[in-house]
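Raw contents of data-v9.cif, mmCIF, N, CA and C atoms:
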```
data_protein
loop_
_atom_site.label_atom_id
_atom_site.label_comp_id
_atom_site.auth_asym_id
_atom_site.auth_seq_id
_atom_site.Cartn_x
_atom_site.Cartn_y
_atom_site.Cartn_z
N MET J 881 95.43 14.09 2.57
CA MET J 881 95.49 12.67 2.87
C MET J 881 96.94 12.17 2.81
N THR J 882 97.62 12.44 1.69
CA THR J 882 99.00 12.01 1.56
C THR J 882 99.88 13.24 1.37
N HIS J 883 101.17 13.07 1.61
CA HIS J 883 102.08 14.22 1.60
C HIS J 883 102.99 14.25 0.38
N THR J 884 103.40 13.12 -0.13
CA THR J 884 104.34 13.07 -1.25
C THR J 884 103.81 12.11 -2.30
N ALA J 885 104.46 12.11 -3.46
CA ALA J 885 104.09 11.16 -4.51
C ALA J 885 104.31 9.73 -4.01
N THR J 886 105.35 9.52 -3.23
CA THR J 886 105.60 8.19 -2.67
C THR J 886 104.48 7.78 -1.73
N ASP J 887 104.07 8.70 -0.86
CA ASP J 887 102.97 8.40 0.06
C ASP J 887 101.69 8.11 -0.70
N LYS J 888 101.45 8.84 -1.77
CA LYS J 888 100.25 8.60 -2.58
C LYS J 888 100.29 7.20 -3.19
N ALA J 889 101.44 6.81 -3.72
CA ALA J 889 101.58 5.48 -4.31
C ALA J 889 101.42 4.39 -3.25
N LEU J 890 101.99 4.62 -2.07
CA LEU J 890 101.85 3.65 -0.98
C LEU J 890 100.40 3.56 -0.52
N TYR J 891 99.74 4.71 -0.38
CA TYR J 891 98.33 4.73 0.01
C TYR J 891 97.50 3.93 -1.00
N GLU J 892 97.70 4.20 -2.28
CA GLU J 892 96.91 3.52 -3.32
C GLU J 892 97.15 2.01 -3.29
N ALA J 893 98.40 1.59 -3.11
CA ALA J 893 98.70 0.16 -3.05
C ALA J 893 98.08 -0.48 -1.82
N ALA J 894 98.16 0.20 -0.68
CA ALA J 894 97.58 -0.33 0.56
C ALA J 894 96.06 -0.39 0.47
N ALA J 895 95.45 0.63 -0.11
CA ALA J 895 94.00 0.64 -0.25
C ALA J 895 93.52 -0.45 -1.21
N ALA J 896 94.26 -0.65 -2.30
CA ALA J 896 93.87 -1.67 -3.28
C ALA J 896 93.97 -3.07 -2.69
N ILE J 897 95.03 -3.34 -1.97
CA ILE J 897 95.20 -4.68 -1.39
C ILE J 897 94.24 -4.88 -0.22
N ARG J 898 93.91 -3.80 0.49
CA ARG J 898 92.94 -3.89 1.59
C ARG J 898 91.61 -4.43 1.09
N ALA J 899 91.26 -4.08 -0.13
CA ALA J 899 90.00 -4.55 -0.73
C ALA J 899 90.00 -6.07 -0.90
N LYS J 900 91.17 -6.69 -0.87
CA LYS J 900 91.28 -8.13 -1.03
C LYS J 900 91.43 -8.86 0.30
N SER J 901 91.36 -8.13 1.39
CA SER J 901 91.48 -8.72 2.73
C SER J 901 90.50 -9.87 2.92
N TYR J 902 90.97 -10.88 3.62
CA TYR J 902 90.08 -11.98 4.03
C TYR J 902 89.86 -11.80 5.53
N SER J 903 88.78 -11.10 5.88
CA SER J 903 88.51 -10.77 7.28
C SER J 903 87.04 -11.03 7.63
N PRO J 904 86.57 -12.28 7.46
CA PRO J 904 85.16 -12.57 7.70
C PRO J 904 84.77 -12.58 9.18
N TYR J 905 85.73 -12.67 10.07
CA TYR J 905 85.42 -12.78 11.50
C TYR J 905 85.39 -11.41 12.17
N SER J 906 86.37 -10.59 11.89
CA SER J 906 86.42 -9.27 12.51
C SER J 906 85.79 -8.19 11.64
N ASN J 907 85.68 -8.44 10.34
CA ASN J 907 85.24 -7.41 9.40
C ASN J 907 86.10 -6.16 9.51
N PHE J 908 87.38 -6.36 9.83
CA PHE J 908 88.34 -5.27 9.98
C PHE J 908 89.44 -5.48 8.94
N ALA J 909 89.19 -4.96 7.75
CA ALA J 909 90.12 -5.14 6.64
C ALA J 909 91.30 -4.18 6.76
N VAL J 910 92.51 -4.73 6.58
CA VAL J 910 93.73 -3.93 6.67
C VAL J 910 94.60 -4.22 5.45
N GLY J 911 95.22 -3.17 4.94
CA GLY J 911 96.20 -3.29 3.87
C GLY J 911 97.47 -2.60 4.28
N ALA J 912 98.60 -3.12 3.83
CA ALA J 912 99.89 -2.50 4.10
C ALA J 912 100.69 -2.48 2.81
N ALA J 913 101.45 -1.41 2.62
CA ALA J 913 102.32 -1.29 1.46
C ALA J 913 103.68 -0.82 1.92
N ILE J 914 104.71 -1.47 1.40
CA ILE J 914 106.09 -1.20 1.77
C ILE J 914 106.83 -0.62 0.57
N LEU J 915 107.57 0.46 0.79
CA LEU J 915 108.56 0.90 -0.18
C LEU J 915 109.86 0.22 0.25
N ALA J 916 110.40 -0.61 -0.62
CA ALA J 916 111.60 -1.39 -0.29
C ALA J 916 112.86 -0.74 -0.85
N ASP J 917 113.98 -1.27 -0.44
CA ASP J 917 115.27 -0.77 -0.86
C ASP J 917 115.51 -0.91 -2.37
N ASP J 918 114.76 -1.76 -3.04
CA ASP J 918 114.91 -1.92 -4.48
C ASP J 918 114.03 -0.95 -5.26
N GLY J 919 113.34 -0.04 -4.54
CA GLY J 919 112.49 0.96 -5.17
C GLY J 919 111.10 0.48 -5.51
N GLN J 920 110.81 -0.78 -5.24
CA GLN J 920 109.50 -1.36 -5.55
C GLN J 920 108.56 -1.22 -4.35
N ILE J 921 107.28 -1.28 -4.63
CA ILE J 921 106.26 -1.28 -3.58
C ILE J 921 105.69 -2.69 -3.49
N TYR J 922 105.64 -3.20 -2.28
CA TYR J 922 105.08 -4.53 -2.01
C TYR J 922 103.92 -4.37 -1.05
N ALA J 923 102.83 -5.06 -1.34
CA ALA J 923 101.62 -4.89 -0.55
C ALA J 923 101.15 -6.23 0.01
N GLY J 924 100.42 -6.15 1.11
CA GLY J 924 99.82 -7.33 1.71
C GLY J 924 98.58 -6.95 2.50
N CYS J 925 97.68 -7.91 2.65
CA CYS J 925 96.45 -7.68 3.41
C CYS J 925 96.37 -8.68 4.56
N ASN J 926 95.48 -8.38 5.49
CA ASN J 926 95.28 -9.33 6.59
C ASN J 926 94.47 -10.52 6.08
N ILE J 927 94.79 -11.67 6.64
CA ILE J 927 94.14 -12.93 6.27
C ILE J 927 93.77 -13.63 7.57
N GLU J 928 92.49 -13.66 7.87
CA GLU J 928 92.04 -14.27 9.12
C GLU J 928 91.86 -15.78 8.94
N ASN J 929 91.77 -16.46 10.08
CA ASN J 929 91.60 -17.90 10.12
C ASN J 929 90.67 -18.21 11.28
N ALA J 930 89.83 -19.21 11.13
CA ALA J 930 88.90 -19.58 12.21
C ALA J 930 89.65 -19.91 13.50
N ALA J 931 90.87 -20.44 13.39
CA ALA J 931 91.74 -20.63 14.54
C ALA J 931 92.56 -19.34 14.65
N PHE J 932 92.03 -18.36 15.37
CA PHE J 932 92.50 -16.98 15.35
C PHE J 932 94.02 -16.78 15.35
N PRO J 933 94.79 -17.47 16.11
CA PRO J 933 96.23 -17.15 16.07
C PRO J 933 96.91 -17.53 14.76
N GLN J 934 96.20 -18.21 13.90
CA GLN J 934 96.81 -18.68 12.65
C GLN J 934 96.72 -17.67 11.51
N GLY J 935 96.10 -16.55 11.71
CA GLY J 935 95.97 -15.56 10.65
C GLY J 935 97.25 -14.78 10.41
N ASN J 936 97.23 -13.94 9.37
CA ASN J 936 98.36 -13.08 9.04
C ASN J 936 97.93 -11.63 9.09
N CYS J 937 98.75 -10.80 9.67
CA CYS J 937 98.52 -9.36 9.62
C CYS J 937 98.94 -8.85 8.24
N ALA J 938 98.40 -7.70 7.86
CA ALA J 938 98.74 -7.11 6.57
C ALA J 938 100.23 -6.80 6.47
N GLU J 939 100.81 -6.30 7.56
CA GLU J 939 102.23 -5.95 7.55
C GLU J 939 103.10 -7.18 7.30
N ALA J 940 102.75 -8.29 7.97
CA ALA J 940 103.50 -9.54 7.78
C ALA J 940 103.36 -10.04 6.35
N SER J 941 102.16 -9.91 5.78
CA SER J 941 101.94 -10.32 4.39
C SER J 941 102.76 -9.47 3.43
N ALA J 942 102.83 -8.16 3.67
CA ALA J 942 103.62 -7.28 2.81
C ALA J 942 105.11 -7.58 2.93
N ILE J 943 105.57 -7.85 4.14
CA ILE J 943 106.98 -8.22 4.33
C ILE J 943 107.29 -9.51 3.59
N SER J 944 106.40 -10.48 3.67
CA SER J 944 106.61 -11.74 2.94
C SER J 944 106.70 -11.49 1.44
N ALA J 945 105.82 -10.64 0.91
CA ALA J 945 105.86 -10.32 -0.52
C ALA J 945 107.18 -9.66 -0.89
N MET J 946 107.66 -8.76 -0.03
CA MET J 946 108.93 -8.08 -0.29
C MET J 946 110.08 -9.07 -0.34
N ILE J 947 110.17 -9.92 0.66
CA ILE J 947 111.27 -10.89 0.73
C ILE J 947 111.19 -11.87 -0.44
N ALA J 948 109.99 -12.34 -0.76
CA ALA J 948 109.82 -13.30 -1.85
C ALA J 948 110.26 -12.71 -3.19
N ALA J 949 110.10 -11.40 -3.36
CA ALA J 949 110.46 -10.76 -4.62
C ALA J 949 111.91 -10.27 -4.66
N GLY J 950 112.62 -10.40 -3.55
CA GLY J 950 114.03 -10.03 -3.53
C GLY J 950 114.36 -8.74 -2.82
N GLY J 951 113.34 -8.01 -2.34
CA GLY J 951 113.62 -6.82 -1.54
C GLY J 951 114.21 -7.23 -0.20
N LYS J 952 115.01 -6.35 0.38
CA LYS J 952 115.68 -6.71 1.63
C LYS J 952 115.36 -5.78 2.80
N ARG J 953 115.13 -4.50 2.51
CA ARG J 953 114.95 -3.53 3.58
C ARG J 953 113.72 -2.67 3.32
N ILE J 954 113.03 -2.34 4.39
CA ILE J 954 111.87 -1.45 4.33
C ILE J 954 112.38 -0.02 4.45
N LYS J 955 111.95 0.82 3.51
CA LYS J 955 112.32 2.24 3.54
C LYS J 955 111.17 3.11 4.04
N ARG J 956 109.95 2.63 3.88
CA ARG J 956 108.74 3.35 4.33
C ARG J 956 107.61 2.34 4.29
N ILE J 957 106.65 2.48 5.20
CA ILE J 957 105.52 1.55 5.21
C ILE J 957 104.24 2.32 5.52
N TYR J 958 103.19 1.95 4.81
CA TYR J 958 101.88 2.59 4.96
C TYR J 958 100.87 1.51 5.33
N VAL J 959 100.12 1.75 6.40
CA VAL J 959 99.11 0.79 6.88
C VAL J 959 97.77 1.49 6.89
N ILE J 960 96.76 0.87 6.28
CA ILE J 960 95.44 1.47 6.22
C ILE J 960 94.39 0.44 6.64
N GLY J 961 93.44 0.90 7.45
CA GLY J 961 92.41 0.00 7.91
C GLY J 961 91.09 0.70 8.13
N THR J 962 90.18 -0.03 8.70
CA THR J 962 88.81 0.41 8.93
C THR J 962 88.74 1.47 10.02
N GLY J 963 87.84 2.43 9.86
CA GLY J 963 87.55 3.40 10.91
C GLY J 963 88.24 4.73 10.73
N ALA J 964 88.13 5.57 11.75
CA ALA J 964 88.71 6.91 11.71
C ALA J 964 90.07 6.97 12.39
N ALA J 965 90.30 6.12 13.39
CA ALA J 965 91.57 6.14 14.11
C ALA J 965 92.68 5.53 13.27
N PRO J 966 93.90 6.06 13.38
CA PRO J 966 95.02 5.46 12.66
C PRO J 966 95.17 3.98 13.05
N VAL J 967 95.35 3.13 12.06
CA VAL J 967 95.54 1.70 12.29
C VAL J 967 97.03 1.46 12.43
N ILE J 968 97.47 1.35 13.68
CA ILE J 968 98.89 1.22 14.00
C ILE J 968 99.26 -0.26 14.08
N PRO J 969 100.42 -0.64 13.55
CA PRO J 969 100.82 -2.06 13.60
C PRO J 969 100.80 -2.61 15.02
N CYS J 970 100.37 -3.87 15.14
CA CYS J 970 100.36 -4.53 16.45
C CYS J 970 101.81 -4.73 16.92
N GLY J 971 101.98 -5.14 18.14
CA GLY J 971 103.32 -5.35 18.69
C GLY J 971 104.14 -6.35 17.90
N GLY J 972 103.52 -7.45 17.51
CA GLY J 972 104.23 -8.45 16.73
C GLY J 972 104.70 -7.90 15.39
N CYS J 973 103.86 -7.12 14.75
CA CYS J 973 104.25 -6.54 13.46
C CYS J 973 105.30 -5.46 13.62
N ARG J 974 105.26 -4.72 14.72
CA ARG J 974 106.31 -3.74 14.97
C ARG J 974 107.67 -4.45 15.02
N GLN J 975 107.69 -5.61 15.67
CA GLN J 975 108.94 -6.37 15.75
C GLN J 975 109.31 -6.94 14.38
N ARG J 976 108.33 -7.37 13.60
CA ARG J 976 108.61 -7.86 12.24
C ARG J 976 109.18 -6.74 11.37
N ILE J 977 108.59 -5.56 11.46
CA ILE J 977 109.10 -4.41 10.72
C ILE J 977 110.52 -4.11 11.16
N ARG J 978 110.78 -4.19 12.45
CA ARG J 978 112.11 -3.91 13.01
C ARG J 978 113.19 -4.80 12.41
N GLU J 979 112.84 -6.01 12.06
CA GLU J 979 113.79 -6.95 11.47
C GLU J 979 114.32 -6.43 10.12
N PHE J 980 113.48 -5.67 9.42
CA PHE J 980 113.81 -5.26 8.05
C PHE J 980 113.89 -3.75 7.86
N ALA J 981 113.81 -2.98 8.94
CA ALA J 981 113.80 -1.51 8.81
C ALA J 981 114.72 -0.88 9.84
N ASP J 982 115.29 0.26 9.47
CA ASP J 982 116.05 1.05 10.43
C ASP J 982 115.09 1.78 11.35
N LEU J 983 115.57 2.20 12.49
CA LEU J 983 114.71 2.82 13.49
C LEU J 983 114.11 4.15 13.04
N ASP J 984 114.74 4.81 12.06
CA ASP J 984 114.21 6.10 11.59
C ASP J 984 113.20 5.95 10.45
N VAL J 985 112.89 4.73 10.06
CA VAL J 985 111.88 4.51 9.01
C VAL J 985 110.53 5.00 9.50
N GLU J 986 109.83 5.69 8.62
CA GLU J 986 108.51 6.21 8.98
C GLU J 986 107.43 5.19 8.67
N VAL J 987 106.53 5.04 9.64
CA VAL J 987 105.36 4.17 9.53
C VAL J 987 104.15 5.10 9.48
N ILE J 988 103.43 5.06 8.37
CA ILE J 988 102.23 5.88 8.24
C ILE J 988 101.04 4.99 8.54
N SER J 989 100.27 5.37 9.53
CA SER J 989 99.10 4.60 9.97
C SER J 989 97.86 5.42 9.65
N HIS J 990 96.85 4.75 9.08
CA HIS J 990 95.71 5.48 8.57
C HIS J 990 94.42 4.68 8.77
N GLY J 991 93.41 5.33 9.27
CA GLY J 991 92.05 4.80 9.23
C GLY J 991 91.36 5.46 8.05
N VAL J 992 90.68 4.71 7.23
CA VAL J 992 90.14 5.26 5.98
C VAL J 992 89.23 6.46 6.19
N ASP J 993 88.62 6.60 7.36
CA ASP J 993 87.72 7.71 7.62
C ASP J 993 88.38 8.83 8.42
N GLY J 994 89.69 8.76 8.61
CA GLY J 994 90.39 9.76 9.41
C GLY J 994 91.64 10.26 8.72
N ASP J 995 92.50 10.84 9.52
CA ASP J 995 93.75 11.40 9.01
C ASP J 995 94.90 10.44 9.33
N PRO J 996 95.92 10.42 8.47
CA PRO J 996 97.07 9.56 8.73
C PRO J 996 97.93 10.08 9.88
N LEU J 997 98.61 9.17 10.52
CA LEU J 997 99.55 9.48 11.59
C LEU J 997 100.90 8.93 11.15
N THR J 998 101.93 9.75 11.18
CA THR J 998 103.27 9.32 10.80
C THR J 998 104.16 9.30 12.03
N CYS J 999 104.78 8.14 12.28
CA CYS J 999 105.70 7.96 13.41
C CYS J 999 106.91 7.19 12.92
N THR J 1000 108.04 7.39 13.56
CA THR J 1000 109.19 6.54 13.25
C THR J 1000 109.00 5.19 13.93
N LEU J 1001 109.69 4.21 13.41
CA LEU J 1001 109.67 2.89 14.04
C LEU J 1001 110.20 2.98 15.46
N ASP J 1002 111.21 3.79 15.68
CA ASP J 1002 111.78 3.95 17.03
C ASP J 1002 110.72 4.47 18.01
N TYR J 1003 109.86 5.36 17.55
CA TYR J 1003 108.79 5.88 18.40
C TYR J 1003 107.78 4.78 18.73
N LEU J 1004 107.46 3.95 17.74
CA LEU J 1004 106.48 2.88 17.93
C LEU J 1004 107.03 1.69 18.72
N LEU J 1005 108.34 1.50 18.66
CA LEU J 1005 108.97 0.35 19.32
C LEU J 1005 110.26 0.80 20.01
N PRO J 1006 110.12 1.59 21.08
CA PRO J 1006 111.32 2.11 21.75
C PRO J 1006 112.11 1.00 22.44
N HIS J 1007 113.40 1.21 22.51
CA HIS J 1007 114.30 0.27 23.20
C HIS J 1007 114.15 -1.14 22.62
N SER J 1008 114.06 -1.22 21.32
CA SER J 1008 113.78 -2.50 20.67
C SER J 1008 115.00 -3.39 20.57
N PHE J 1009 114.73 -4.66 20.37
CA PHE J 1009 115.75 -5.67 20.14
C PHE J 1009 115.76 -5.98 18.65
N GLY J 1010 116.93 -5.84 18.05
CA GLY J 1010 117.03 -6.06 16.61
C GLY J 1010 118.12 -7.05 16.25
N PRO J 1011 118.23 -7.33 14.96
CA PRO J 1011 119.17 -8.34 14.51
C PRO J 1011 120.63 -8.01 14.82
N GLU J 1012 120.93 -6.72 14.99
CA GLU J 1012 122.32 -6.36 15.29
C GLU J 1012 122.77 -6.84 16.67
N TYR J 1013 121.85 -7.24 17.53
CA TYR J 1013 122.20 -7.75 18.85
C TYR J 1013 122.69 -9.19 18.80
N LEU J 1014 122.44 -9.86 17.70
CA LEU J 1014 122.83 -11.27 17.58
C LEU J 1014 124.11 -11.37 16.75
N SER J 1015 125.02 -12.21 17.19
CA SER J 1015 126.23 -12.41 16.39
C SER J 1015 125.88 -13.27 15.19
N LYS J 1016 126.57 -13.03 14.11
CA LYS J 1016 126.26 -13.77 12.88
C LYS J 1016 127.23 -14.89 12.66
#
```
Kindly transcribe the structure held in the file into structure tokens.
Amino acid sequence: MTHTATDKALYEAAAAIRAKSYSPYSNFAVGAAILADDGQIYAGCNIENAAFPQGNCAEASAISAMIAAGGKRIKRIYVIGTGAAPVIPCGGCRQRIREFADLDVEVISHGVDGDPLTCTLDYLLPHSFGPEYLSK
């Protein structure tokens, strides 16, 4: 299921927070856990809303937790959701991850009934636009 002690810790954090998902409309619970540059793990779950575009993805929730606690960069991210197929971040979340991660950061996507898939952010979001394109 997991490959390293870090992956095991990320999996456990993502699975634990997934249990707290608020997903009454889709019944598709997702959890995400980030290993940040400060060595801490930050987790978030999806939060649905009756006005569908107003919900939060698990990845966005985990990024918010990281930033709120003082972490700045994503070093690794684990996403776990319902089913056998790997639960890969949506396009919007890929761009959110891109804001806080280097292109070689690995994104582990997992369906609880299947095997994990590990891809780099660059693979998931090729030719991406990042903060380095904007002058500060």
Inset, instruction - Can you work out the spacing between atom CA of Asn926 of chain J and atom CA of Val967 of chain J in Å, to one decimal? - result: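 It comes out at 12.4 Å.
Take atom C of Glu1012 of chain J and atom N of Gly924 of chain J: the distance between them is 27.2 Å.
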Inset, instruction - Find the spatial neighbours of Glu939 of chain J, counting only N, CA and C atoms, within a cut-off of 7 Å - ignore same-chain residues fewer than 6 positions away - and output them as number ranges by chain. - result: J: 910-913, 924-926, 973
Given the file shown, enumerate the residues that the PyMOL selection byres (((chain J and resi 945 and name CA) around 10) and name CA) captures and present them as a PDB file with N, CA and C atoms, keeping the file's coordinate frame.
```pdb
ATOM      1  N   ALA J 913     101.450  -1.410   2.620  1.00  0.00           N
ATOM      2  CA  ALA J 913     102.320  -1.290   1.460  1.00  0.00           C
ATOM      3  C   ALA J 913     103.680  -0.820   1.920  1.00  0.00           C
ATOM      4  N   ILE J 914     104.710  -1.470   1.400  1.00  0.00           N
ATOM      5  CA  ILE J 914     106.090  -1.200   1.770  1.00  0.00           C
ATOM      6  C   ILE J 914     106.830  -0.620   0.570  1.00  0.00           C
ATOM      7  N   ILE J 921     107.280  -1.280  -4.630  1.00  0.00           N
ATOM      8  CA  ILE J 921     106.260  -1.280  -3.580  1.00  0.00           C
ATOM      9  C   ILE J 921     105.690  -2.690  -3.490  1.00  0.00           C
ATOM     10  N   TYR J 922     105.640  -3.200  -2.280  1.00  0.00           N
ATOM     11  CA  TYR J 922     105.080  -4.530  -2.010  1.00  0.00           C
ATOM     12  C   TYR J 922     103.920  -4.370  -1.050  1.00  0.00           C
ATOM     13  N   ALA J 923     102.830  -5.060  -1.340  1.00  0.00           N
ATOM     14  CA  ALA J 923     101.620  -4.890  -0.550  1.00  0.00           C
ATOM     15  C   ALA J 923     101.150  -6.230   0.010  1.00  0.00           C
ATOM     16  N   GLY J 924     100.420  -6.150   1.110  1.00  0.00           N
ATOM     17  CA  GLY J 924      99.820  -7.330   1.710  1.00  0.00           C
ATOM     18  C   GLY J 924      98.580  -6.950   2.500  1.00  0.00           C
ATOM     19  N   GLU J 939     100.810  -6.300   7.560  1.00  0.00           N
ATOM     20  CA  GLU J 939     102.230  -5.950   7.550  1.00  0.00           C
ATOM     21  C   GLU J 939     103.100  -7.180   7.300  1.00  0.00           C
ATOM     22  N   ALA J 940     102.750  -8.290   7.970  1.00  0.00           N
ATOM     23  CA  ALA J 940     103.500  -9.540   7.780  1.00  0.00           C
ATOM     24  C   ALA J 940     103.360 -10.040   6.350  1.00  0.00           C
ATOM     25  N   SER J 941     102.160  -9.910   5.780  1.00  0.00           N
ATOM     26  CA  SER J 941     101.940 -10.320   4.390  1.00  0.00           C
ATOM     27  C   SER J 941     102.760  -9.470   3.430  1.00  0.00           C
ATOM     28  N   ALA J 942     102.830  -8.160   3.670  1.00  0.00           N
ATOM     29  CA  ALA J 942     103.620  -7.280   2.810  1.00  0.00           C
ATOM     30  C   ALA J 942     105.110  -7.580   2.930  1.00  0.00           C
ATOM     31  N   ILE J 943     105.570  -7.850   4.140  1.00  0.00           N
ATOM     32  CA  ILE J 943     106.980  -8.220   4.330  1.00  0.00           C
ATOM     33  C   ILE J 943     107.290  -9.510   3.590  1.00  0.00           C
ATOM     34  N   SER J 944     106.400 -10.480   3.670  1.00  0.00           N
ATOM     35  CA  SER J 944     106.610 -11.740   2.940  1.00  0.00           C
ATOM     36  C   SER J 944     106.700 -11.490   1.440  1.00  0.00           C
ATOM     37  N   MET J 946     107.660  -8.760  -0.030  1.00  0.00           N
ATOM     38  CA  MET J 946     108.930  -8.080  -0.290  1.00  0.00           C
ATOM     39  C   MET J 946     110.080  -9.070  -0.340  1.00  0.00           C
ATOM     40  N   ILE J 947     110.170  -9.920   0.660  1.00  0.00           N
ATOM     41  CA  ILE J 947     111.270 -10.890   0.730  1.00  0.00           C
ATOM     42  C   ILE J 947     111.190 -11.870  -0.440  1.00  0.00           C
ATOM     43  N   ALA J 948     109.990 -12.340  -0.760  1.00  0.00           N
ATOM     44  CA  ALA J 948     109.820 -13.300  -1.850  1.00  0.00           C
ATOM     45  C   ALA J 948     110.260 -12.710  -3.190  1.00  0.00           C
ATOM     46  N   ALA J 949     110.100 -11.400  -3.360  1.00  0.00           N
ATOM     47  CA  ALA J 949     110.460 -10.760  -4.620  1.00  0.00           C
ATOM     48  C   ALA J 949     111.910 -10.270  -4.660  1.00  0.00           C
ATOM     49  N   GLY J 950     112.620 -10.400  -3.550  1.00  0.00           N
ATOM     50  CA  GLY J 950     114.030 -10.030  -3.530  1.00  0.00           C
ATOM     51  C   GLY J 950     114.360  -8.740  -2.820  1.00  0.00           C
ATOM     52  N   GLY J 951     113.340  -8.010  -2.340  1.00  0.00           N
ATOM     53  CA  GLY J 951     113.620  -6.820  -1.540  1.00  0.00           C
ATOM     54  C   GLY J 951     114.210  -7.230  -0.200  1.00  0.00           C
TER      55      GLY J 951
END
```
Inset, instruction - Extract, using all atoms listed in the file, all DNA, RNA and protein residues at most 8 Å from segment 976-979 of chain J, discarding same-chain residues fewer than 2 positions from it, and format them as number ranges by chain. - result: J: 939-940, 943, 952-954, 970-974, 981-983, 1001, 1008-1012
Inset, instruction - Choose the residue, out of J:Tyr902, J:Phe908, J:Tyr958, J:Tyr1003, that has the smallest atom-to-atom separation from His990 of chain J; count only C-alpha atoms. - result: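 Of the candidates, the smallest distance to His990 of chain J is held by J:Tyr958.
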Legend entry - Counting only N, CA and C atoms, the option among J:Tyr1013, J:Pro904, J:Val987, J:Leu915 closest to Glu928 of chain J: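 Selected residue with least distance to Glu928 of chain J: J:Pro904.
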Inset, instruction - Go through J:Asp887, J:Ile927, J:Gln975, J:Arg898 one by one, measure the shortest atom-to-atom distance of each to Ile988 of chain J using only C-alpha atoms, and give the residue with the smallest value. - result: J:Asp887
Legend entry - Which of chain J DSSP labels strand (DSSP E), written as JSON, numbers by chain: {"J": [910, 911, 912, 913, 914, 915, 916, 921, 922, 923, 924, 925, 954, 955, 956, 957, 958, 959, 960, 961, 981, 982, 983, 984, 985, 986, 987, 988, 989, 990, 991, 997, 998, 999, 1000]}
Inset, instruction - Between J:Thr886, J:Arg956, J:Asp993, J:Ala964, single out the one closest to Asp917 of chain J, counting all atoms listed in the file. - result: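 Of J:Thr886, J:Arg956, J:Asp993, J:Ala964, the one nearest Asp917 of chain J is J:Arg956, counting all atoms listed in the file.
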Inset, instruction - Work out how far atom CA of Tyr905 of chain J is from atom CA of Gly935 of chain J, in Å to one decimal. - result: 10.9 Å
Legend entry - Residue with smallest distance to Pro996 of chain J - pool J:Ala965, J:Ala938, J:Ala893, J:Ala899, counting all atoms listed in the file: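 Closest candidate: J:Ala965.
With all atoms listed in the file as the basis for measurement, J:Lys955 is the residue among J:Pro1006, J:Ser1015, J:Lys955, J:Ser901 that approaches Ala916 of chain J most closely.
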Hey, can I get the axis-aligned box for segment 881-898 of chain J? All listed atoms, 6 Å padding on each side, centre and edge lengths in Å to one decimal, as lines of an AutoDock Vina configuration file.
```
center_x = 98.6
center_y = 4.7
center_z = -0.8
size_x = 26.0
size_y = 31.1
size_z = 19.4
```
Inset, instruction - Pull the alpha helix (DSSP H) assignments for chain J out of DSSP run on the backbone, and list those residues as a PyMOL selection string. - result: chain J and resi 885-898+938-949+971-980+1001-1004
